[in-house]
Number of protein chains: 2
Amino acid sequence: MPANLDEIDHHLLDLLQQDSGRTLAELGDLVGLSPSAVQRRVERYRASGLVRREVAVVDPSAALLAVCLVTLDHESPEEHARFREWVLAAPEVQQLYNVSGDHDYVVVLATTGMPHHRRVADRVLKSAPGLRRYSTMFVLDPVRTSLTVPTRDA
Amino acid sequence: MPANLDEIDHHLLDLLQQDSGRTLAELGDLVGLSPSAVQRRVERYRASGLVRREVAVVDPSAALLAVCLVTLDHESPEEHARFREWVLAAPEVQQLYNVSGDHDYVVVLATTGMPHHRRVADRVLKSAPGLRRYSTMFVLDPVRTSLTVPTRDA
DNA sequence: TCTGAAAGTTTTCATCC
DNA sequence: GGATGAAAACTTTCAGA
């Protein structure tokens, strides 16, 4: 699915992950291609599923973020499925990762403030199916937030 | 800075955080406003800094993600500043959070695979200034990845 | 002050080479 | 990969509520 990418593709994907608001002409200038050629490549990224969508990034300091480490009871596939479904139902779950190690999931909660966070933590995590325990780290400073992914080694 | 937001603003911001690829006309239909009115509001979000930018989201399964918990030695402001500067220099640091609790930072690393990860972990984390220790949780499944932030309580 | 509509400009899209 | 014309989107302006 992820077609072979050349240097220009890596450059374009870097640029698009930084700021997708640029025009095809601007992108063309930056990577040394015509707007048409850029358009073809960008369309290819979308069609292949490499680029999923474009989103607006809201200032994270407008929110209270918390990173929670979750451990489940039994680790059975059914338990995992139920837990995921339950947690994903909450829009405040900004990120959900199944991870290796002592914990099973890392959950990033984004809320409007502490009252909101307490409600969400109680309703979503504390009463989640299969939950053994969880701990919460509040984000004091979101130094960097992004979804940027390298398309090749540095 | 964050102007008072009405119901339509919340709705618009939800939509834009989900998918900013829609046209002003489409957004207008969804929130019940004319394209011009939508454009004015969107421009206001940008000007106020509430919306930072628009980015292309690359399929996270194209990468190896790891969540690292970092503890520093002394906790002095200077140590924090040096650590941040050092870590932020690496483009593979997708997210960096200063957090409360036993650990000082949560670092999300995005790499192209295990060889790349090892190099980055060695170069960026293991030799970071002021580092006492860190642990790594590899992401087995990025169930949900987003930067979505609620602009009001649910 | 905010809205909606229309004119003018830019960008994107599709087809050509 | 580049270039062109058509379609679509965006930006600006203006008048009304």
# chains A, B, ... in the order shown; residues from 1 in each chain; ligands from 1

$ interface_residues --of "chain A" --to "chain C" --cutoff "10 Å" --atoms "only C-alpha atoms (C1' of nucleotides)" --output "ChimeraX atom specification"
/A:23-25,35-36,39

$ interface_residues --of "chain B" --to "chain A" --cutoff "8 Å" --atoms "only C-alpha atoms" --output "PyMOL selection string"
chain B and resi 16-21+49-60+62-63+84+88+91-92+94-101+110-112+116+137-153

$ atom_distance --atom1 "atom CA of B:Ser76" --atom2 "atom CA of A:Cys68"
25.1 Å

$ interface_residues --of "chain D" --to "chain A" --cutoff "9 Å" --atoms "only C-alpha atoms (C1' of nucleotides)" --output "list in words"
DG1, DG2 and DA3 of chain D

$ select_by_dssp --residues "stretch 24-72 of chain A" --states "helix (DSSP H, G or I)" --output "number ranges by chain"
A: 24-31, 35-48, 60-62

$ write_last_selection --atoms "N, CA, C and O atoms" --output "mmCIF file, in the first residue's frame"
data_model
loop_
_atom_site.group_PDB
_atom_site.id
_atom_site.type_symbol
_atom_site.label_atom_id
_atom_site.label_comp_id
_atom_site.auth_asym_id
_atom_site.auth_seq_id
_atom_site.Cartn_x
_atom_site.Cartn_y
_atom_site.Cartn_z
ATOM 1 N N LEU A 24 -0.890 24.314 -3.941
ATOM 2 C CA LEU A 24 -0.083 23.412 -4.765
ATOM 3 C C LEU A 24 1.100 24.158 -5.375
ATOM 4 O O LEU A 24 2.183 23.591 -5.534
ATOM 5 N N ALA A 25 0.899 25.420 -5.702
ATOM 6 C CA ALA A 25 1.982 26.212 -6.276
ATOM 7 C C ALA A 25 3.102 26.432 -5.255
ATOM 8 O O ALA A 25 4.281 26.290 -5.569
ATOM 9 N N GLU A 26 2.724 26.767 -4.020
ATOM 10 C CA GLU A 26 3.727 26.961 -2.968
ATOM 11 C C GLU A 26 4.505 25.673 -2.728
ATOM 12 O O GLU A 26 5.738 25.676 -2.638
ATOM 13 N N LEU A 27 3.771 24.577 -2.608
ATOM 14 C CA LEU A 27 4.428 23.288 -2.406
ATOM 15 C C LEU A 27 5.371 22.989 -3.563
ATOM 16 O O LEU A 27 6.487 22.500 -3.362
ATOM 17 N N GLY A 28 4.909 23.278 -4.776
ATOM 18 C CA GLY A 28 5.751 23.051 -5.935
ATOM 19 C C GLY A 28 7.053 23.824 -5.862
ATOM 20 O O GLY A 28 8.130 23.289 -6.156
ATOM 21 N N ASP A 29 6.968 25.092 -5.438
ATOM 22 C CA ASP A 29 8.186 25.892 -5.293
ATOM 23 C C ASP A 29 9.129 25.267 -4.277
ATOM 24 O O ASP A 29 10.345 25.211 -4.474
ATOM 25 N N LEU A 30 8.559 24.781 -3.169
ATOM 26 C CA LEU A 30 9.386 24.265 -2.081
ATOM 27 C C LEU A 30 10.082 22.954 -2.444
ATOM 28 O O LEU A 30 11.173 22.678 -1.953
ATOM 29 N N VAL A 31 9.447 22.148 -3.263
ATOM 30 C CA VAL A 31 10.054 20.852 -3.570
ATOM 31 C C VAL A 31 10.619 20.800 -4.986
ATOM 32 O O VAL A 31 11.226 19.797 -5.365
ATOM 33 N N PRO A 35 2.950 22.652 -10.021
ATOM 34 C CA PRO A 35 1.737 22.392 -9.243
ATOM 35 C C PRO A 35 1.029 21.112 -9.668
ATOM 36 O O PRO A 35 0.537 20.366 -8.821
ATOM 37 N N SER A 36 1.004 20.837 -10.959
ATOM 38 C CA SER A 36 0.329 19.612 -11.407
ATOM 39 C C SER A 36 0.977 18.374 -10.831
ATOM 40 O O SER A 36 0.297 17.450 -10.374
ATOM 41 N N ALA A 37 2.314 18.352 -10.877
ATOM 42 C CA ALA A 37 3.022 17.181 -10.365
ATOM 43 C C ALA A 37 2.765 17.014 -8.873
ATOM 44 O O ALA A 37 2.577 15.889 -8.386
ATOM 45 N N VAL A 38 2.751 18.146 -8.145
ATOM 46 C CA VAL A 38 2.472 18.075 -6.713
ATOM 47 C C VAL A 38 1.069 17.516 -6.484
ATOM 48 O O VAL A 38 0.873 16.625 -5.646
ATOM 49 N N GLN A 39 0.134 18.006 -7.262
ATOM 50 C CA GLN A 39 -1.240 17.548 -7.083
ATOM 51 C C GLN A 39 -1.353 16.040 -7.285
ATOM 52 O O GLN A 39 -2.027 15.352 -6.526
ATOM 53 N N ARG A 40 -0.685 15.531 -8.292
ATOM 54 C CA ARG A 40 -0.730 14.095 -8.543
ATOM 55 C C ARG A 40 -0.190 13.319 -7.346
ATOM 56 O O ARG A 40 -0.763 12.317 -6.921
ATOM 57 N N ARG A 41 0.923 13.795 -6.799
ATOM 58 C CA ARG A 41 1.515 13.075 -5.670
ATOM 59 C C ARG A 41 0.613 13.124 -4.445
ATOM 60 O O ARG A 41 0.375 12.097 -3.777
ATOM 61 N N VAL A 42 0.110 14.318 -4.154
ATOM 62 C CA VAL A 42 -0.746 14.446 -2.975
ATOM 63 C C VAL A 42 -1.975 13.556 -3.103
ATOM 64 O O VAL A 42 -2.388 12.888 -2.147
ATOM 65 N N GLU A 43 -2.538 13.527 -4.291
ATOM 66 C CA GLU A 43 -3.698 12.664 -4.517
ATOM 67 C C GLU A 43 -3.325 11.193 -4.292
ATOM 68 O O GLU A 43 -4.114 10.419 -3.751
ATOM 69 N N ARG A 44 -2.114 10.853 -4.690
ATOM 70 C CA ARG A 44 -1.664 9.469 -4.490
ATOM 71 C C ARG A 44 -1.566 9.136 -2.997
ATOM 72 O O ARG A 44 -1.940 8.039 -2.571
ATOM 73 N N TYR A 45 -1.076 10.085 -2.188
ATOM 74 C CA TYR A 45 -0.990 9.835 -0.750
ATOM 75 C C TYR A 45 -2.371 9.563 -0.170
ATOM 76 O O TYR A 45 -2.554 8.673 0.649
ATOM 77 N N ARG A 46 -3.321 10.349 -0.603
ATOM 78 C CA ARG A 46 -4.672 10.166 -0.074
ATOM 79 C C ARG A 46 -5.261 8.847 -0.534
ATOM 80 O O ARG A 46 -5.845 8.100 0.261
ATOM 81 N N ALA A 47 -5.125 8.555 -1.814
ATOM 82 C CA ALA A 47 -5.736 7.337 -2.357
ATOM 83 C C ALA A 47 -5.133 6.092 -1.720
ATOM 84 O O ALA A 47 -5.839 5.106 -1.483
ATOM 85 N N SER A 48 -3.839 6.133 -1.402
ATOM 86 C CA SER A 48 -3.189 4.954 -0.827
ATOM 87 C C SER A 48 -3.497 4.820 0.664
ATOM 88 O O SER A 48 -3.195 3.787 1.253
ATOM 89 N N PRO A 60 -3.470 23.419 22.324
ATOM 90 C CA PRO A 60 -3.698 22.485 23.429
ATOM 91 C C PRO A 60 -3.726 23.162 24.789
ATOM 92 O O PRO A 60 -4.276 22.610 25.745
ATOM 93 N N SER A 61 -3.147 24.350 24.895
ATOM 94 C CA SER A 61 -3.173 25.023 26.195
ATOM 95 C C SER A 61 -4.575 25.505 26.534
ATOM 96 O O SER A 61 -4.832 26.000 27.627
ATOM 97 N N ALA A 62 -5.492 25.372 25.561
ATOM 98 C CA ALA A 62 -6.892 25.683 25.858
ATOM 99 C C ALA A 62 -7.563 24.554 26.613
ATOM 100 O O ALA A 62 -8.724 24.661 26.991
#
